[in-house]
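**Student:** Just one file: target.txt, with compact mmCIF, C-alpha atoms.
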# COMPACT_ATOMS: atom_id res chain seq x y z
CA MET A 224 -3.32 -12.41 -25.22
CA GLU A 225 -4.45 -15.96 -24.54
CA PHE A 226 -1.05 -16.53 -22.94
CA LEU A 227 -1.95 -14.11 -20.11
CA ALA A 228 -5.00 -16.20 -19.24
CA LEU A 229 -2.89 -19.32 -18.65
CA GLU A 230 -2.40 -20.30 -15.01
CA TRP A 231 0.94 -20.28 -13.24
CA VAL A 232 1.17 -21.48 -9.61
CA GLY A 233 -2.60 -21.41 -9.28
CA LYS A 234 -3.26 -17.93 -10.67
CA PRO A 235 -3.57 -16.45 -14.21
CA ILE A 236 -0.31 -15.06 -15.55
CA TRP A 237 -1.92 -11.62 -15.92
CA MET A 238 -2.32 -11.43 -12.12
CA TRP A 239 1.37 -12.16 -11.55
CA ALA A 240 2.40 -9.78 -14.33
CA GLY A 241 0.09 -7.07 -13.01
CA PHE A 242 1.48 -7.32 -9.48
CA LEU A 243 5.11 -7.25 -10.65
CA ALA A 244 4.30 -4.27 -12.89
CA ILE A 245 2.96 -2.42 -9.84
CA VAL A 246 6.12 -3.22 -7.86
CA VAL A 247 8.40 -2.07 -10.72
CA ALA A 248 6.40 1.15 -11.15
CA LEU A 249 6.62 1.91 -7.40
CA LEU A 250 10.37 1.29 -7.34
CA ALA A 251 10.97 3.35 -10.49
CA PHE A 252 8.95 6.24 -9.05
CA ASP A 253 10.71 5.94 -5.68
CA LEU A 254 14.27 5.62 -6.96
CA GLY A 255 14.00 7.59 -10.20
CA VAL A 256 11.78 10.50 -9.13
CA LEU A 257 11.52 10.92 -5.36
CA ASN A 258 15.13 9.97 -4.65
CA LYS A 259 16.86 10.73 -7.93
CA GLU A 260 19.60 12.54 -6.05
CA ASP A 261 21.29 11.07 -2.98
CA LYS A 262 20.17 12.94 0.11
CA GLU A 263 19.63 12.31 3.79
CA MET A 264 16.01 11.35 4.40
CA GLY A 265 14.47 13.01 7.42
CA ILE A 266 12.02 11.40 9.83
CA GLN A 267 9.06 13.41 8.52
CA GLU A 268 9.75 12.47 4.90
CA SER A 269 10.25 8.86 5.97
CA LEU A 270 6.86 8.78 7.71
CA VAL A 271 5.06 10.39 4.76
CA LEU A 272 6.57 7.94 2.26
CA SER A 273 5.84 5.05 4.62
CA ALA A 274 2.22 6.15 4.93
CA PHE A 275 1.99 6.13 1.14
CA TYR A 276 3.35 2.56 0.91
CA ILE A 277 1.15 1.29 3.74
CA GLY A 278 -1.89 3.00 2.23
CA PHE A 279 -1.13 1.48 -1.17
CA ALA A 280 -0.72 -1.99 0.39
CA ILE A 281 -4.07 -1.61 2.18
CA LEU A 282 -5.78 -0.52 -1.04
CA TYR A 283 -4.30 -3.53 -2.80
CA GLY A 284 -5.60 -5.74 0.01
CA ILE A 285 -9.07 -4.21 -0.34
CA LEU A 286 -8.94 -5.00 -4.06
CA ILE A 287 -8.02 -8.62 -3.28
CA TRP A 288 -10.86 -8.78 -0.73
CA TRP A 289 -13.38 -7.41 -3.26
CA ALA A 290 -12.19 -9.74 -6.04
CA TYR A 291 -12.53 -12.76 -3.74
CA SER A 292 -15.96 -11.72 -2.46
CA ALA A 293 -17.16 -11.12 -6.02
CA GLY A 294 -15.93 -14.55 -7.10
CA HIS A 295 -13.28 -13.23 -9.48
CA ILE A 296 -10.44 -15.05 -7.72
CA THR A 297 -10.19 -18.14 -5.52
CA THR A 298 -7.49 -19.50 -3.22
CA SER A 299 -5.82 -22.88 -3.57
CA ASP A 300 -6.66 -23.85 0.03
CA GLY A 301 -10.14 -22.31 0.24
CA THR A 302 -9.15 -19.58 2.71
CA HIS A 303 -10.52 -16.03 2.44
CA ALA A 304 -8.05 -14.18 0.19
CA GLY A 305 -8.63 -10.77 1.79
CA ILE A 306 -8.34 -11.92 5.41
CA THR A 307 -5.25 -14.04 4.77
CA TYR A 308 -3.59 -11.22 2.80
CA PHE A 309 -4.02 -8.73 5.64
CA THR A 310 -2.99 -11.29 8.29
CA GLY A 311 0.18 -12.10 6.35
CA PHE A 312 0.87 -8.41 5.68
CA PHE A 313 0.60 -7.44 9.36
CA ILE A 314 2.80 -10.34 10.48
CA GLU A 315 5.48 -9.58 7.89
CA LYS A 316 5.36 -5.85 8.67
CA ALA A 317 5.77 -6.44 12.40
CA LEU A 318 8.61 -8.92 11.89
CA SER A 319 10.30 -6.41 9.57
CA ILE A 320 10.17 -3.71 12.25
CA ASP A 321 12.12 -6.02 14.53
CA ASN A 322 14.83 -6.28 11.85
CA VAL A 323 15.52 -2.55 11.58
CA PHE A 324 18.03 -2.67 14.43
CA VAL A 325 20.19 -5.22 12.59
CA ILE A 326 20.12 -3.16 9.37
CA SER A 327 21.18 -0.11 11.39
CA LEU A 328 24.14 -2.05 12.83
CA ILE A 329 25.22 -3.12 9.33
CA PHE A 330 25.21 0.45 8.04
CA GLY A 331 27.07 1.58 11.14
CA TYR A 332 29.76 -1.09 10.76
CA PHE A 333 30.47 -0.11 7.15
CA ALA A 334 30.21 3.62 8.01
CA ILE A 335 27.58 4.28 5.34
CA PRO A 336 26.30 7.90 5.49
CA ARG A 337 22.54 8.29 5.75
CA LYS A 338 22.32 9.97 2.34
CA TYR A 339 23.51 6.75 0.64
CA GLN A 340 21.53 4.32 2.79
CA TYR A 341 18.17 4.73 1.08
CA ARG A 342 19.50 4.04 -2.41
CA ALA A 343 21.17 0.86 -1.14
CA LEU A 344 17.95 -0.25 0.54
CA VAL A 345 15.82 0.34 -2.55
CA TRP A 346 18.24 -1.55 -4.80
CA GLY A 347 18.15 -4.32 -2.23
CA ILE A 348 14.41 -4.65 -2.88
CA ILE A 349 15.19 -6.11 -6.32
CA ALA A 350 17.19 -8.91 -4.72
CA VAL A 351 14.48 -9.43 -2.09
CA ILE A 352 11.77 -9.78 -4.75
CA ILE A 353 13.78 -12.55 -6.43
CA LEU A 354 15.05 -14.30 -3.27
CA ARG A 355 11.69 -14.25 -1.48
CA GLY A 356 10.07 -15.55 -4.65
CA ILE A 357 12.48 -18.49 -4.72
CA MET A 358 11.95 -19.27 -1.02
CA ILE A 359 8.16 -19.05 -1.32
CA ALA A 360 8.16 -21.21 -4.46
CA ILE A 361 10.21 -23.87 -2.67
CA GLY A 362 7.95 -23.67 0.39
CA ALA A 363 4.82 -23.97 -1.75
CA ALA A 364 6.20 -26.98 -3.61
CA LEU A 365 7.12 -28.71 -0.35
CA VAL A 366 3.70 -28.04 1.23
CA GLN A 367 1.89 -29.28 -1.86
CA GLU A 368 3.99 -32.44 -2.13
CA TYR A 369 4.37 -33.16 1.58
CA SER A 370 1.49 -31.75 3.60
CA TRP A 371 3.07 -33.02 6.82
CA ILE A 372 5.79 -30.41 6.46
CA LEU A 373 3.29 -27.93 7.94
CA PHE A 374 3.83 -29.70 11.27
CA ILE A 375 7.55 -28.94 10.95
CA PHE A 376 6.72 -25.31 10.20
CA GLY A 377 4.46 -25.24 13.26
CA ALA A 378 7.06 -26.77 15.57
CA PHE A 379 9.71 -24.39 14.22
CA LEU A 380 7.52 -21.34 14.82
CA ILE A 381 6.68 -22.44 18.36
CA GLY A 382 10.36 -23.09 19.08
CA THR A 383 11.38 -19.73 17.63
CA GLY A 384 8.71 -17.91 19.63
CA VAL A 385 9.68 -19.59 22.90
CA LYS A 386 13.34 -18.81 22.22
CA MET A 387 12.50 -15.13 21.63
CA LEU A 388 10.64 -15.08 24.96
CA MET A 389 13.30 -16.86 26.99
CA VAL A 390 16.71 -16.00 25.49
CA PRO A 391 18.07 -12.43 25.91
CA GLU A 392 18.97 -10.63 22.68
CA SER A 393 22.60 -9.83 21.91
CA ASP A 394 24.05 -7.45 19.34
CA PRO A 395 25.44 -9.33 16.32
CA ASP A 396 29.16 -8.83 15.63
CA ILE A 397 29.24 -7.79 11.95
CA SER A 398 33.03 -8.14 11.77
CA LYS A 399 32.73 -11.87 12.49
CA ASN A 400 30.04 -12.40 9.86
CA PRO A 401 31.26 -15.23 7.57
CA VAL A 402 29.90 -13.46 4.47
CA VAL A 403 31.88 -10.29 5.28
CA ARG A 404 35.06 -12.27 5.93
CA PHE A 405 34.63 -14.31 2.73
CA MET A 406 34.10 -11.24 0.53
CA LYS A 407 37.05 -9.37 2.03
CA LYS A 408 39.24 -12.42 1.48
CA HIS A 409 38.16 -13.29 -2.08
CA MET A 410 37.23 -9.87 -3.53
CA ARG A 411 38.98 -6.57 -4.06
CA VAL A 412 37.31 -4.21 -1.59
CA SER A 413 37.94 -0.48 -1.45
CA ASP A 414 38.87 1.06 1.89
CA LYS A 415 36.62 4.07 1.27
CA LEU A 416 33.23 4.95 -0.13
CA HIS A 417 32.82 6.26 -3.67
CA ASP A 418 29.52 8.11 -3.33
CA GLN A 419 26.61 5.80 -4.29
CA LYS A 420 28.74 3.47 -6.44
CA PHE A 421 28.83 -0.25 -5.70
CA PHE A 422 31.91 -0.88 -7.86
CA VAL A 423 34.82 1.29 -9.00
CA ARG A 424 38.12 0.76 -10.82
CA GLU A 425 41.18 1.21 -8.63
CA PRO A 426 44.87 0.41 -9.14
CA ASP A 427 45.76 -3.15 -8.12
CA PRO A 428 48.40 -3.03 -5.30
CA LYS A 429 50.43 -5.80 -7.00
CA THR A 430 50.22 -4.93 -10.71
CA GLY A 431 49.30 -1.25 -10.61
CA LYS A 432 46.64 -1.86 -13.29
CA LEU A 433 43.08 -0.67 -12.83
CA ALA A 434 40.89 -3.48 -11.48
CA LEU A 435 37.21 -3.74 -10.64
CA THR A 436 36.84 -3.12 -6.90
CA ALA A 437 33.81 -3.46 -4.62
CA THR A 438 32.97 -0.58 -2.30
CA PRO A 439 31.80 -0.79 1.33
CA LEU A 440 28.32 0.15 0.08
CA PHE A 441 28.19 -3.06 -1.98
CA LEU A 442 29.30 -5.13 1.02
CA ALA A 443 26.59 -3.52 3.14
CA LEU A 444 24.01 -4.30 0.44
CA VAL A 445 25.04 -7.97 0.30
CA VAL A 446 25.02 -8.42 4.09
CA ILE A 447 21.59 -6.75 4.38
CA ASN A 448 20.15 -9.14 1.80
CA ILE A 449 21.73 -12.13 3.55
CA ALA A 450 20.15 -10.87 6.77
CA ASP A 451 16.80 -10.64 4.97
CA LEU A 452 17.10 -14.28 3.96
CA ILE A 453 17.69 -15.20 7.60
CA PHE A 454 14.67 -13.12 8.64
CA ALA A 455 12.61 -14.88 5.96
CA VAL A 456 13.22 -18.20 7.72
CA ASP A 457 10.75 -16.94 10.35
CA SER A 458 8.33 -14.97 8.20
CA VAL A 459 7.82 -17.38 5.28
CA PRO A 460 6.74 -20.36 7.45
CA ALA A 461 4.57 -17.96 9.48
CA ILE A 462 2.56 -16.83 6.48
CA PHE A 463 2.35 -20.37 5.06
CA ALA A 464 0.64 -21.22 8.35
CA ILE A 465 -2.01 -18.63 7.46
CA THR A 466 -2.50 -19.72 3.84
CA THR A 467 -0.76 -22.00 1.36
CA ASP A 468 -1.91 -19.92 -1.62
CA THR A 469 1.38 -18.88 -3.24
CA PHE A 470 0.03 -15.64 -4.74
CA ILE A 471 -1.31 -14.36 -1.42
CA VAL A 472 1.89 -15.39 0.41
CA TYR A 473 4.11 -13.61 -2.11
CA THR A 474 2.09 -10.41 -2.51
CA ALA A 475 1.64 -9.94 1.25
CA ASN A 476 5.39 -10.45 1.79
CA ILE A 477 6.50 -8.04 -0.91
CA MET A 478 3.95 -5.35 -0.04
CA ALA A 479 5.15 -5.37 3.57
CA ILE A 480 8.82 -5.22 2.61
CA LEU A 481 8.40 -2.44 0.04
CA GLY A 482 7.39 0.05 2.70
CA LEU A 483 10.04 -1.03 5.19
CA ARG A 484 12.79 0.72 3.24
CA ALA A 485 10.98 4.05 3.59
CA LEU A 486 10.01 3.41 7.22
CA TYR A 487 13.58 2.48 8.16
CA PHE A 488 14.78 6.04 8.73
CA ALA A 489 11.97 6.85 11.14
CA LEU A 490 12.25 3.52 12.96
CA ALA A 491 16.05 3.63 13.17
CA ALA A 492 15.78 6.86 15.15
CA MET A 493 13.23 5.42 17.59
CA VAL A 494 13.87 1.66 17.51
CA HIS A 495 14.52 1.78 21.27
CA ARG A 496 10.83 2.69 21.71
CA PHE A 497 9.82 -0.79 20.46
CA GLU A 498 11.77 -2.63 23.13
CA TYR A 499 8.88 -4.95 24.06
CA LEU A 500 7.58 -5.61 20.55
CA LYS A 501 9.69 -8.76 20.26
CA TYR A 502 7.65 -10.41 23.04
CA ALA A 503 4.43 -9.71 21.13
CA LEU A 504 6.02 -11.11 17.97
CA ALA A 505 7.13 -14.18 19.90
CA MET A 506 3.54 -14.77 21.04
CA VAL A 507 2.32 -14.30 17.45
CA LEU A 508 4.75 -16.98 16.24
CA VAL A 509 3.68 -19.35 19.03
CA PHE A 510 0.00 -18.70 18.26
CA ILE A 511 0.50 -19.40 14.55
CA GLY A 512 2.51 -22.54 15.31
CA VAL A 513 -0.21 -23.85 17.62
CA LYS A 514 -2.81 -22.88 15.00
CA ILE A 515 -1.15 -25.23 12.48
CA PHE A 516 -1.52 -28.21 14.82
CA TRP A 517 -5.09 -27.20 15.70
CA ASN A 518 -6.07 -26.89 12.03
CA GLN A 519 -4.59 -30.25 11.13
CA ILE A 520 -6.09 -32.11 14.11
CA PHE A 521 -9.39 -30.39 14.99
CA GLY A 522 -10.25 -28.40 11.84
CA LYS A 523 -9.51 -24.88 10.65
CA LEU A 524 -9.93 -21.92 12.95
CA ASP A 525 -11.95 -19.00 11.64
CA PRO A 526 -9.48 -16.82 9.62
CA ALA A 527 -11.11 -13.69 11.07
CA PHE A 528 -10.24 -14.97 14.56
CA SER A 529 -6.60 -15.46 13.52
CA LEU A 530 -6.49 -11.95 12.04
CA GLY A 531 -8.00 -10.52 15.24
CA VAL A 532 -5.56 -12.30 17.56
CA THR A 533 -2.57 -11.39 15.39
CA GLY A 534 -3.62 -7.74 15.14
CA ALA A 535 -4.35 -7.51 18.88
CA LEU A 536 -0.96 -8.99 19.87
CA ILE A 537 1.02 -6.74 17.51
CA ALA A 538 -0.95 -3.60 18.45
CA GLY A 539 -0.66 -4.49 22.14
CA GLY A 540 3.10 -4.94 21.81
CA ILE A 541 3.50 -1.56 20.09
CA VAL A 542 1.28 0.31 22.58
CA PHE A 543 2.90 -1.35 25.61
CA SER A 544 6.39 -0.58 24.26
CA LEU A 545 5.56 3.08 23.65
CA TYR A 546 4.02 3.32 27.14
CA LYS A 547 6.96 1.68 28.94
CA THR A 548 9.54 3.79 27.08
CA ARG A 549 7.67 7.10 27.34
CA GLU A 550 10.30 8.51 29.71
CA GLN A 551 13.01 7.85 27.12
CA ALA A 552 10.98 9.81 24.58
CA GLY A 553 10.71 12.75 26.97
CA SER A 554 14.32 12.82 28.13
CA GLY A 555 15.91 11.76 24.81
CA HIS A 556 17.47 8.41 24.03
CA LYS A 557 21.23 8.16 24.34
Let's see the structure in the file written out as structure tokens.
**Tutor:**
Amino acid sequence: MEFLALEWVGKPIWMWAGFLAIVVALLAFDLGVLNKEDKEMGIQESLVLSAFYIGFAILYGILIWWAYSAGHITTSDGTHAGITYFTGFFIEKALSIDNVFVISLIFGYFAIPRKYQYRALVWGIIAVIILRGIMIAIGAALVQEYSWILFIFGAFLIGTGVKMLMVPESDPDISKNPVVRFMKKHMRVSDKLHDQKFFVREPDPKTGKLALTATPLFLALVVINIADLIFAVDSVPAIFAITTDTFIVYTANIMAILGLRALYFALAAMVHRFEYLKYALAMVLVFIGVKIFWNQIFGKLDPAFSLGVTGALIAGGIVFSLYKTREQAGSGHK
């Protein structure tokens, strides 16, 4: 038991193990109980499951807040664990909402029926947990070794935010995606779906022998996770600008992403209603980028102020989007 008290990346191993146990339990319950059979998830079910995930993430944040206030945990950079957790969670959640459209395009390109989409998304969480962990670990090591890299993060976030404000969005062409072209060229890929299976055995066109063959569902899963890595290029530097405590960065990221899979089906049906959210997200990224320079030059801003500004921008973007697209909601989006 003494092993669990040892520290790893600034926190006792029992804290890391406890968090990962929670994630595994949620995924097992989600995939093994709620969605044991493949079925098409409706908007109402999606919203209920999303509310559960968001509520659980908030409860976890309250626990972090209490533990910090009671002196049971500390942060590596001295920031308030509860405030930075919620700030990071809200930023990651908002950035994830903006990614739903791309995920929808990927499923559409591979012609994945809705009843198989949720299982693919949940299995993708496993890859996200590992890949985000690797990216965050690398980011933490770089920040600890080279503190000036925060200036690069800040400049990158400002540049990304300005680009989002100035450059019109265009729909990505999935068929030209280099990952898709590489897999189709170097792997056996089935022309049709095989229910929820990622791999099947089919006769080889040349030899006639049964050979392991990837299905379109597997290709969709891979491309979605590659897209998540690209999205993480924005979100990981953004949360490192809030706190450099690896545990808070990782838990806020994963808690936000866990619920996205459930929320996807509701958002995919009304993603057009969040047309102006990207401008609010752009301003959030610019604010966080500027905050890095301010903190390094003039001293740290009050974390509560950062949380307030971030929350106000995201909430404002959502409300303004819903207001401006209210006619689409009444007449139906085509």
**Student:** Which value, in Å to one decimal, gives the distance between CA of Phe441 in chain A and CA of Ile361 in chain A?
**Tutor:** 27.5 Å
**Student:** What's the separation between CA of Leu500 in chain A and CA of Leu536 in chain A, in Å to one decimal place?
**Tutor:**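 Going from CA of Leu500 in chain A over to CA of Leu536 in chain A, I get 9.2 Å.
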**Student:** Just the number, please: distance in Å from CA of Leu344 in chain A to CA of Val323 in chain A, one decimal.
**Tutor:**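 It comes out at 11.5 Å.
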**Student:** As a PyMOL selection string, please: the residues near range 241-243 of chain A (cut-off 12 Å, all atoms listed in the file, same-chain neighbours under 3 positions excluded).
**Tutor:** chain A and resi 227+234-238+246-250+280+283-284+286-287+349+352-353+356+470-471+473-475+477-478
**Student:** Keeping only C-alpha atoms, write the selected residues as a compact mmCIF listing (two decimals), keeping the file's coordinate frame.
**Tutor:**
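Listed below is the output, again_36.txt:
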# COMPACT_ATOMS: atom_id res chain seq x y z
CA LEU A 227 -1.95 -14.11 -20.11
CA LYS A 234 -3.26 -17.93 -10.67
CA PRO A 235 -3.57 -16.45 -14.21
CA ILE A 236 -0.31 -15.06 -15.55
CA TRP A 237 -1.92 -11.62 -15.92
CA MET A 238 -2.32 -11.43 -12.12
CA VAL A 246 6.12 -3.22 -7.86
CA VAL A 247 8.40 -2.07 -10.72
CA ALA A 248 6.40 1.15 -11.15
CA LEU A 249 6.62 1.91 -7.40
CA LEU A 250 10.37 1.29 -7.34
CA ALA A 280 -0.72 -1.99 0.39
CA TYR A 283 -4.30 -3.53 -2.80
CA GLY A 284 -5.60 -5.74 0.01
CA LEU A 286 -8.94 -5.00 -4.06
CA ILE A 287 -8.02 -8.62 -3.28
CA ILE A 349 15.19 -6.11 -6.32
CA ILE A 352 11.77 -9.78 -4.75
CA ILE A 353 13.78 -12.55 -6.43
CA GLY A 356 10.07 -15.55 -4.65
CA PHE A 470 0.03 -15.64 -4.74
CA ILE A 471 -1.31 -14.36 -1.42
CA TYR A 473 4.11 -13.61 -2.11
CA THR A 474 2.09 -10.41 -2.51
CA ALA A 475 1.64 -9.94 1.25
CA ILE A 477 6.50 -8.04 -0.91
CA MET A 478 3.95 -5.35 -0.04
**Student:** Please determine, counting all atoms listed in the file, which residue among A:Tyr291, A:Phe528, A:Tyr369, A:Trp346 has the shortest atom-to-atom distance to Ala304 in chain A.
**Tutor:**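 With all atoms listed in the file as the atom set, the closest residue is A:Tyr291.
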**Student:** Between A:Asp457, A:Phe379, A:Val345, A:Leu440, which residue has the minimum interatomic distance to Phe421 in chain A, considering all atoms listed in the file?
**Tutor:**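 Closest to Phe421 in chain A, using all atoms listed in the file: A:Leu440.
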**Student:** Would you pick out the contacts of Asn476 in chain A at 8 Å or less, using all atoms listed in the file, so that residues sharing its chain but fewer than 6 positions from it are not included, and give the list as a list in words?
**Tutor:**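 Counting all atoms listed in the file, the residues come to Gly311, Phe312 and Glu315 of chain A.
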**Student:** For each of A:Tyr332, A:Thr469, A:Gly347, A:Arg496, take the minimum atom-to-atom distance to Trp239 in chain A, counting only C-alpha atoms, then give the residue where this is smallest.
**Tutor:**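 Answer, going by the shortest atom-to-atom distance: A:Thr469.
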**Student:** Determine the nearest neighbour of Gly539 in chain A from the options A:Thr307, A:Ile329, A:Ala317, A:Ala334, counting all atoms listed in the file.
**Tutor:**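 Result for the nearest residue to Gly539 in chain A: A:Ala317.
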**Student:** Which residue gives the smallest distance to Ile372 in chain A among A:Thr436, A:Thr467, A:Asp525, A:Ile335, with all atoms listed in the file counted?
**Tutor:** A:Thr467
**Student:** So, counting all atoms listed in the file, which residue among A:Phe521, A:Phe376, A:Phe422, A:Phe510 is closest to Val456 in chain A?
**Tutor:**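 Among the listed residues, the smallest separation from Val456 in chain A belongs to A:Phe376.
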**Student:** Please report, as JSON, the centre and edge lengths in Å to one decimal of an axis-aligned box covering all listed atoms of range 375-389 of chain A with 5 Å per side.
**Tutor:**
{"center_x": 8.9, "center_y": -22.0, "center_z": 18.6, "size_x": 18.9, "size_y": 23.9, "size_z": 26.8}
**Student:** Scan for residues within 12 Å of the point (5.6, 8.0, -4.7) in the coordinates of the file, using only C-alpha atoms, and reply as a short mmCIF file (atom, residue, chain, number, x, y, z; two decimals) with C-alpha atoms, in the coordinates of the input.
**Tutor:**
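Contents of part20.cif, freshly written:
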data_model
loop_
_atom_site.label_atom_id
_atom_site.label_comp_id
_atom_site.auth_asym_id
_atom_site.auth_seq_id
_atom_site.Cartn_x
_atom_site.Cartn_y
_atom_site.Cartn_z
CA ILE A 245 2.96 -2.42 -9.84
CA VAL A 246 6.12 -3.22 -7.86
CA ALA A 248 6.40 1.15 -11.15
CA LEU A 249 6.62 1.91 -7.40
CA LEU A 250 10.37 1.29 -7.34
CA ALA A 251 10.97 3.35 -10.49
CA PHE A 252 8.95 6.24 -9.05
CA ASP A 253 10.71 5.94 -5.68
CA LEU A 254 14.27 5.62 -6.96
CA GLY A 255 14.00 7.59 -10.20
CA VAL A 256 11.78 10.50 -9.13
CA LEU A 257 11.52 10.92 -5.36
CA ASN A 258 15.13 9.97 -4.65
CA GLU A 268 9.75 12.47 4.90
CA SER A 269 10.25 8.86 5.97
CA VAL A 271 5.06 10.39 4.76
CA LEU A 272 6.57 7.94 2.26
CA SER A 273 5.84 5.05 4.62
CA ALA A 274 2.22 6.15 4.93
CA PHE A 275 1.99 6.13 1.14
CA TYR A 276 3.35 2.56 0.91
CA ILE A 277 1.15 1.29 3.74
CA GLY A 278 -1.89 3.00 2.23
CA PHE A 279 -1.13 1.48 -1.17
CA LEU A 481 8.40 -2.44 0.04
CA GLY A 482 7.39 0.05 2.70
CA ALA A 485 10.98 4.05 3.59
#
**Student:** With a distance cut-off of 10 Å and all atoms listed in the file, select the neighbouring residues of Gly540 in chain A, excluding the residue or stretch itself and same-chain residues fewer than 6 positions from it, and output the selection as a VMD selection string.
**Tutor:** chain A and resid 317 497 to 504 506 534 546
**Student:** Would you mind exporting C-alpha atoms of the selected residues as a short mmCIF file (atom, residue, chain, number, x, y, z; two decimals), in the frame of the given file?
**Tutor:**
data_model
loop_
_atom_site.label_atom_id
_atom_site.label_comp_id
_atom_site.auth_asym_id
_atom_site.auth_seq_id
_atom_site.Cartn_x
_atom_site.Cartn_y
_atom_site.Cartn_z
CA ALA A 317 5.77 -6.44 12.40
CA PHE A 497 9.82 -0.79 20.46
CA GLU A 498 11.77 -2.63 23.13
CA TYR A 499 8.88 -4.95 24.06
CA LEU A 500 7.58 -5.61 20.55
CA LYS A 501 9.69 -8.76 20.26
CA TYR A 502 7.65 -10.41 23.04
CA ALA A 503 4.43 -9.71 21.13
CA LEU A 504 6.02 -11.11 17.97
CA MET A 506 3.54 -14.77 21.04
CA GLY A 534 -3.62 -7.74 15.14
CA TYR A 546 4.02 3.32 27.14
#
